[in-house]
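Engineer: This one is data12.cif, mmCIF, C-alpha atoms.
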```cif
data_model
loop_
_atom_site.group_PDB
_atom_site.id
_atom_site.type_symbol
_atom_site.label_atom_id
_atom_site.label_comp_id
_atom_site.auth_asym_id
_atom_site.auth_seq_id
_atom_site.Cartn_x
_atom_site.Cartn_y
_atom_site.Cartn_z
ATOM 1 C CA MET Q 1 55.488 66.245 29.852
ATOM 2 C CA LYS Q 2 56.410 63.821 32.644
ATOM 3 C CA ASN Q 3 52.712 63.183 33.334
ATOM 4 C CA TYR Q 4 52.060 62.198 29.715
ATOM 5 C CA TRP Q 5 54.842 59.667 29.182
ATOM 6 C CA TRP Q 6 52.488 56.693 29.495
ATOM 7 C CA LYS Q 7 50.048 58.189 26.969
ATOM 8 C CA ILE Q 8 52.867 58.766 24.492
ATOM 9 C CA THR Q 9 54.015 55.196 25.151
ATOM 10 C CA ALA Q 10 50.478 53.937 24.476
ATOM 11 C CA VAL Q 11 50.303 55.757 21.129
ATOM 12 C CA ILE Q 12 53.728 54.521 20.015
ATOM 13 C CA LEU Q 13 52.981 50.925 21.009
ATOM 14 C CA LEU Q 14 49.551 50.988 19.338
ATOM 15 C CA ILE Q 15 51.077 52.229 16.086
ATOM 16 C CA TYR Q 16 53.748 49.547 16.377
ATOM 17 C CA THR Q 17 51.073 46.905 17.064
ATOM 18 C CA PHE Q 18 49.045 47.763 13.981
ATOM 19 C CA VAL Q 19 51.998 48.244 11.634
ATOM 20 C CA GLY Q 20 54.062 45.348 12.968
ATOM 21 C CA GLY Q 21 51.052 43.107 13.453
ATOM 22 C CA LEU Q 22 49.968 43.489 9.843
ATOM 23 C CA LEU Q 23 53.314 43.778 8.069
ATOM 24 C CA LEU Q 24 56.010 41.919 10.020
ATOM 25 C CA GLU Q 25 56.638 38.297 9.149
ATOM 26 C CA ALA Q 26 54.586 35.779 11.135
ATOM 27 C CA PRO Q 27 55.184 32.012 11.421
ATOM 28 C CA ARG Q 28 53.074 29.790 9.174
ATOM 29 C CA LEU Q 29 51.305 27.533 11.654
ATOM 30 C CA ASN Q 30 48.995 24.688 10.715
ATOM 31 C CA ILE Q 31 45.364 25.783 10.212
ATOM 32 C CA LEU Q 32 46.030 29.254 11.645
ATOM 33 C CA GLN Q 33 48.266 30.530 8.843
ATOM 34 C CA GLU Q 34 47.939 34.355 8.509
ATOM 35 C CA THR Q 35 45.090 34.473 11.039
ATOM 36 C CA ILE Q 36 47.741 34.130 13.761
ATOM 37 C CA ARG Q 37 48.087 37.916 13.440
ATOM 38 C CA ASN Q 38 44.810 38.225 15.332
ATOM 39 C CA LEU Q 39 46.828 37.134 18.356
ATOM 40 C CA TYR Q 40 48.068 40.738 18.549
ATOM 41 C CA PHE Q 41 44.526 42.076 18.922
ATOM 42 C CA HIS Q 42 42.154 39.445 20.313
ATOM 43 C CA VAL Q 43 44.278 38.212 23.222
ATOM 44 C CA PRO Q 44 45.674 41.617 24.357
ATOM 45 C CA MET Q 45 42.121 42.997 24.422
ATOM 46 C CA TRP Q 46 41.220 40.285 26.912
ATOM 47 C CA PHE Q 47 44.333 41.114 28.949
ATOM 48 C CA GLY Q 48 43.274 44.759 28.904
ATOM 49 C CA MET Q 49 39.751 43.819 29.958
ATOM 50 C CA MET Q 50 41.094 41.757 32.857
ATOM 51 C CA ILE Q 51 43.254 44.645 34.070
ATOM 52 C CA LEU Q 52 40.338 47.087 33.829
ATOM 53 C CA LEU Q 53 37.916 44.806 35.653
ATOM 54 C CA THR Q 54 40.528 44.297 38.373
ATOM 55 C CA ILE Q 55 40.882 48.072 38.717
ATOM 56 C CA SER Q 56 37.089 48.323 38.865
ATOM 57 C CA VAL Q 57 36.692 45.818 41.697
ATOM 58 C CA VAL Q 58 39.581 47.374 43.650
ATOM 59 C CA TYR Q 59 37.841 50.761 43.538
ATOM 60 C CA SER Q 60 34.544 49.139 44.536
ATOM 61 C CA ILE Q 61 36.246 47.715 47.627
ATOM 62 C CA LYS Q 62 37.798 51.103 48.346
ATOM 63 C CA TYR Q 63 34.358 52.713 48.017
ATOM 64 C CA LEU Q 64 32.834 50.324 50.545
ATOM 65 C CA ARG Q 65 35.627 51.175 52.981
ATOM 66 C CA ASN Q 66 35.490 54.925 52.281
ATOM 67 C CA PRO Q 67 32.464 56.067 50.188
ATOM 68 C CA LEU Q 68 34.108 58.777 48.102
ATOM 69 C CA GLN Q 69 32.577 59.649 44.749
ATOM 70 C CA LYS Q 70 35.920 59.401 42.934
ATOM 71 C CA TYR Q 71 36.176 55.723 43.903
ATOM 72 C CA ASP Q 72 32.684 55.046 42.564
ATOM 73 C CA ASP Q 73 33.499 56.894 39.328
ATOM 74 C CA TRP Q 74 36.631 54.843 38.730
ATOM 75 C CA ALA Q 75 34.795 51.617 39.536
ATOM 76 C CA ILE Q 76 32.010 52.139 36.996
ATOM 77 C CA GLU Q 77 34.134 53.688 34.249
ATOM 78 C CA SER Q 78 36.763 50.938 34.503
ATOM 79 C CA ALA Q 79 33.964 48.393 34.184
ATOM 80 C CA ASN Q 80 32.481 50.259 31.199
ATOM 81 C CA THR Q 81 35.807 50.289 29.366
ATOM 82 C CA GLY Q 82 36.449 46.669 30.349
ATOM 83 C CA LEU Q 83 33.049 45.739 28.959
ATOM 84 C CA LEU Q 84 33.922 47.502 25.702
ATOM 85 C CA PHE Q 85 37.191 45.562 25.461
ATOM 86 C CA GLY Q 86 35.317 42.362 26.258
ATOM 87 C CA VAL Q 87 32.851 42.910 23.409
ATOM 88 C CA LEU Q 88 35.711 43.713 21.015
ATOM 89 C CA GLY Q 89 37.477 40.574 22.238
ATOM 90 C CA ILE Q 90 34.410 38.472 21.497
ATOM 91 C CA VAL Q 91 34.012 40.014 18.026
ATOM 92 C CA THR Q 92 37.667 39.496 17.074
ATOM 93 C CA GLY Q 93 37.432 35.978 18.488
ATOM 94 C CA MET Q 94 34.360 35.237 16.353
ATOM 95 C CA ILE Q 95 36.164 36.424 13.225
ATOM 96 C CA TRP Q 96 39.158 34.247 14.125
ATOM 97 C CA ALA Q 97 36.887 31.281 14.846
ATOM 98 C CA LYS Q 98 35.241 31.582 11.432
ATOM 99 C CA PHE Q 99 38.556 31.097 9.648
ATOM 100 C CA THR Q 100 40.025 28.443 11.955
ATOM 101 C CA TRP Q 101 37.015 26.523 13.313
ATOM 102 C CA GLY Q 102 34.619 27.069 10.391
ATOM 103 C CA SER Q 103 31.945 28.972 12.338
ATOM 104 C CA TYR Q 104 31.611 32.326 14.057
ATOM 105 C CA TRP Q 105 30.112 30.662 17.143
ATOM 106 C CA SER Q 106 30.929 27.032 17.909
ATOM 107 C CA ASN Q 107 29.421 26.861 21.421
ATOM 108 C CA ASP Q 108 32.960 26.486 22.688
ATOM 109 C CA PRO Q 109 33.004 26.545 26.529
ATOM 110 C CA LYS Q 110 35.216 29.620 26.608
ATOM 111 C CA GLN Q 111 33.047 31.442 24.068
ATOM 112 C CA ASN Q 112 29.936 30.709 26.120
ATOM 113 C CA ALA Q 113 31.664 31.644 29.377
ATOM 114 C CA ALA Q 114 32.866 34.940 27.893
ATOM 115 C CA ALA Q 115 29.342 35.772 26.731
ATOM 116 C CA ILE Q 116 27.914 35.004 30.183
ATOM 117 C CA ALA Q 117 30.600 37.161 31.825
ATOM 118 C CA MET Q 118 29.728 40.089 29.563
ATOM 119 C CA LEU Q 119 26.040 39.684 30.414
ATOM 120 C CA ILE Q 120 26.873 39.749 34.132
ATOM 121 C CA TYR Q 121 28.769 43.013 33.734
ATOM 122 C CA SER Q 122 26.031 44.432 31.502
ATOM 123 C CA ALA Q 123 23.633 43.758 34.385
ATOM 124 C CA TYR Q 124 26.022 45.715 36.631
ATOM 125 C CA VAL Q 125 25.670 48.760 34.369
ATOM 126 C CA LEU Q 126 21.876 48.368 34.186
ATOM 127 C CA LEU Q 127 21.676 48.034 37.972
ATOM 128 C CA ARG Q 128 23.487 51.336 38.444
ATOM 129 C CA ASN Q 129 21.210 53.101 35.986
ATOM 130 C CA SER Q 130 18.133 51.840 37.845
ATOM 131 C CA LEU Q 131 19.189 53.439 41.151
ATOM 132 C CA THR Q 132 18.772 57.185 41.682
ATOM 133 C CA ASP Q 133 20.212 57.772 45.139
ATOM 134 C CA PRO Q 134 24.018 58.244 44.726
ATOM 135 C CA GLN Q 135 25.037 56.576 47.997
ATOM 136 C CA GLN Q 136 22.643 53.664 47.553
ATOM 137 C CA ARG Q 137 23.803 53.247 43.962
ATOM 138 C CA GLY Q 138 27.433 53.280 45.033
ATOM 139 C CA ARG Q 139 27.027 50.708 47.820
ATOM 140 C CA ILE Q 140 24.765 48.260 45.991
ATOM 141 C CA SER Q 141 26.698 48.410 42.730
ATOM 142 C CA ALA Q 142 30.018 47.994 44.585
ATOM 143 C CA ILE Q 143 28.744 44.800 46.227
ATOM 144 C CA TYR Q 144 27.442 43.528 42.898
ATOM 145 C CA ASN Q 145 30.753 44.381 41.218
ATOM 146 C CA ILE Q 146 32.639 42.239 43.730
ATOM 147 C CA PHE Q 147 30.204 39.387 43.051
ATOM 148 C CA ALA Q 148 30.587 39.854 39.284
ATOM 149 C CA PHE Q 149 34.388 39.723 39.498
ATOM 150 C CA ALA Q 150 34.292 36.636 41.726
ATOM 151 C CA THR Q 151 32.061 34.977 39.119
ATOM 152 C CA TYR Q 152 34.157 36.154 36.181
ATOM 153 C CA ILE Q 153 37.387 34.447 37.289
ATOM 154 C CA PRO Q 154 36.067 30.842 37.341
ATOM 155 C CA LEU Q 155 33.964 31.457 34.211
ATOM 156 C CA ILE Q 156 36.930 32.521 32.110
ATOM 157 C CA TYR Q 157 39.949 30.838 33.665
ATOM 158 C CA ILE Q 158 38.774 27.710 35.502
ATOM 159 C CA LEU Q 159 35.622 26.125 34.033
ATOM 160 C CA PRO Q 160 36.832 26.087 30.375
ATOM 161 C CA ARG Q 161 39.935 24.166 31.498
ATOM 162 C CA LEU Q 162 37.813 21.418 33.007
ATOM 163 C CA THR Q 163 36.195 20.421 29.733
ATOM 164 C CA ASP Q 164 37.082 20.011 26.064
ATOM 165 C CA SER Q 165 37.711 23.319 24.335
ATOM 166 C CA LEU Q 166 38.913 24.486 20.949
ATOM 167 C CA HIS Q 167 40.830 27.312 22.583
ATOM 168 C CA PRO Q 168 44.591 26.764 22.983
ATOM 169 C CA GLY Q 169 45.569 25.878 26.525
ATOM 170 C CA ASN Q 170 42.119 24.636 27.549
ATOM 171 C CA GLY Q 171 40.653 21.151 27.931
ATOM 172 C CA GLY Q 172 43.885 19.436 26.970
ATOM 173 C CA ASN Q 173 44.310 21.571 23.847
ATOM 174 C CA PRO Q 174 47.946 22.767 23.758
ATOM 175 C CA GLY Q 175 48.669 26.459 24.293
ATOM 176 C CA PHE Q 176 50.421 28.784 21.898
ATOM 177 C CA ASN Q 177 53.811 27.967 23.399
ATOM 178 C CA ALA Q 178 53.373 24.441 22.087
ATOM 179 C CA TYR Q 179 52.482 25.904 18.681
ATOM 180 C CA ASP Q 180 55.791 27.790 18.731
ATOM 181 C CA LEU Q 181 55.123 31.280 20.040
ATOM 182 C CA ASP Q 182 58.520 32.285 18.662
ATOM 183 C CA SER Q 183 60.389 35.573 18.627
ATOM 184 C CA LYS Q 184 58.465 36.753 15.554
ATOM 185 C CA LEU Q 185 55.241 36.693 17.539
ATOM 186 C CA ARG Q 186 56.741 37.889 20.812
ATOM 187 C CA LEU Q 187 58.166 40.993 19.134
ATOM 188 C CA VAL Q 188 54.636 42.297 18.641
ATOM 189 C CA PHE Q 189 52.543 40.342 21.140
ATOM 190 C CA TYR Q 190 54.074 41.644 24.388
ATOM 191 C CA PRO Q 191 54.126 45.314 23.302
ATOM 192 C CA SER Q 192 50.520 44.953 22.148
ATOM 193 C CA VAL Q 193 49.449 43.724 25.601
ATOM 194 C CA ILE Q 194 50.974 46.837 27.163
ATOM 195 C CA ALA Q 195 49.475 49.043 24.445
ATOM 196 C CA TRP Q 196 45.876 47.829 24.888
ATOM 197 C CA ALA Q 197 46.139 47.995 28.685
ATOM 198 C CA LEU Q 198 47.409 51.589 28.583
ATOM 199 C CA LEU Q 199 44.710 52.513 26.063
ATOM 200 C CA GLY Q 200 42.037 51.095 28.351
ATOM 201 C CA ILE Q 201 43.332 53.074 31.341
ATOM 202 C CA TRP Q 202 43.544 56.197 29.170
ATOM 203 C CA ILE Q 203 39.932 55.841 27.988
ATOM 204 C CA THR Q 204 38.802 55.266 31.578
ATOM 205 C CA SER Q 205 40.613 58.347 32.867
ATOM 206 C CA LEU Q 206 39.029 60.466 30.134
ATOM 207 C CA ARG Q 207 35.563 59.163 31.034
ATOM 208 C CA VAL Q 208 36.150 59.933 34.722
ATOM 209 C CA ARG Q 209 37.292 63.467 33.885
ATOM 210 C CA TRP Q 210 34.296 63.965 31.598
ATOM 211 C CA LYS Q 211 31.985 62.802 34.365
ATOM 212 C CA LYS Q 212 33.476 65.317 36.804
ATOM 213 C CA LEU Q 213 33.107 68.134 34.271
ATOM 214 C CA ALA Q 214 29.476 67.187 33.646
ATOM 215 C CA GLU Q 215 28.778 67.264 37.395
ATOM 216 C CA LYS Q 216 30.386 70.706 37.721
ATOM 217 C CA MET Q 217 28.297 71.995 34.823
ATOM 218 C CA LEU Q 218 25.136 70.798 36.545
ATOM 219 C CA GLU Q 219 26.212 72.518 39.784
ATOM 220 C CA ILE Q 220 26.784 75.773 37.907
ATOM 221 C CA GLN Q 221 23.376 75.565 36.212
ATOM 222 C CA ASP Q 222 21.678 74.931 39.580
#
```
I need this file expressed as structure tokens, please.
Structural biologist:
Amino acid sequence: MKNYWWKITAVILLIYTFVGGLLLEAPRLNILQETIRNLYFHVPMWFGMMILLTISVVYSIKYLRNPLQKYDDWAIESANTGLLFGVLGIVTGMIWAKFTWGSYWSNDPKQNAAAIAMLIYSAYVLLRNSLTDPQQRGRISAIYNIFAFATYIPLIYILPRLTDSLHPGNGGNPGFNAYDLDSKLRLVFYPSVIAWALLGIWITSLRVRWKKLAEKMLEIQD
């Protein structure tokens, strides 16, 4: 049981996020109104994506230093799950934008930067699939992954802050703290960040295990 505590924690926090996020009282903020509840889903998904992409690049660096297959597996599967969270983050952001900005896609700098970042990581997945030699695939994709992560940081966290943006906390637009991120929001927001991060790691670990099982099955068949 001691090895499953974090999975149990993830399930409990996810249930709390959905129930509390939809049913607990939320502050009535100008323009946002009830859509503020998307804060419990959209933003934590991006936090989860960031954690997963960081894990991915760390394992890519470890693979370059010591080319073990397990490092390569964790690098690609963390990126795959991070890419999934990124797409979900974009979709939830588009829904939020429709109700608050009047359009699903407003060519906001952060929206555009997020889309570019997802395309860069999609190219990472395509690059891996185009290479057949395992060692060559591991080395080349690890180098590309480091490049992708180095590009991702300024795209998401630096460039949008240098220009006007509709997103809170960017381009002179005040962040959520200025909008009163009070205890009602914090009660659900912080647990939801932990919940989505743990879920992402859980999904990644399952994909890595599945990959190992598939490889063993192929060895048995051969």
Engineer: If the PyMOL selection byres ((chain Q and resi 115-127) around 8) is run on the structure shown, which residues does it catch, given as a list in words?
Structural biologist: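 Applied to this file, the PyMOL selection byres ((chain Q and resi 115-127) around 8) returns Ile76, Ala79, Asn80, Leu83, Gly86, Val87, Ile90, Gln111, Asn112, Ala113, Ala114, Arg128, Asn129, Ser130, Leu131, Ser141, Tyr144, Asn145, Ala148, Thr151, Tyr152, Leu155 and Ile156 of chain Q.
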Engineer: Translate the PyMOL selection byres ((chain Q and resi 42) around 10), as applied to the file shown, into an explicit residue set as a ChimeraX atom specification.
Structural biologist: /Q:37-41,43-47,85-86,88-96,193
Engineer: My list of candidates is Q:Gly21, Q:Gly82, Q:Trp6, Q:Thr35. Which is closest to Q:Ala97 when distances are computed with all atoms listed in the file?
Structural biologist: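 Between Q:Gly21, Q:Gly82, Q:Trp6, Q:Thr35, the residue approaching Q:Ala97 most closely is Q:Thr35.
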Engineer: Taking all atoms listed in the file into account, which of Q:Lys70, Q:Lys184, Q:Lys62, Q:Arg137 comes nearest Q:Arg207?
Structural biologist: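 Ranking Q:Lys70, Q:Lys184, Q:Lys62, Q:Arg137 by distance to Q:Arg207, first place goes to Q:Lys70.
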Engineer: Hey, can you check how far atom CA of Q:Pro134 sits from atom CA of Q:Ser205?
Structural biologist: 20.4 Å
Engineer: I need the output of the PyMOL selection byres ((chain Q and resi 138) around 9) for this file as a list in words; which residues are they?
Structural biologist: Ser60, Tyr63, Leu64, Pro67, Gln69, Asp72, Arg128, Asp133, Pro134, Gln135, Gln136, Arg137, Arg139, Ile140, Ser141, Ala142 and Ile143 of chain Q
Engineer: What lies within 12 Å of Q:Arg209 using only C-alpha atoms, ignoring chain neighbours under 6 positions off, as a ChimeraX atom specification?
Structural biologist: /Q:70,73-74,77,202-203,215-216
Engineer: Residues near Q:Leu22, anyone? I mean within 10 Å using all atoms listed in the file, not counting same-chain ones fewer than 3 positions away, as a ChimeraX atom specification.
Structural biologist: /Q:16-19,25-26,34,37-38,40
Engineer: Expressed in Å to a single decimal, how great is the separation between atom CA of Q:Tyr190 and atom CA of Q:Gly20?
Structural biologist: 12.0 Å
Engineer: Quote the spacing between atom CA of Q:Ile55 and atom CA of Q:Asn3 in Å to one decimal place.
Structural biologist: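 Computing it gives 19.9 Å between the two atoms.
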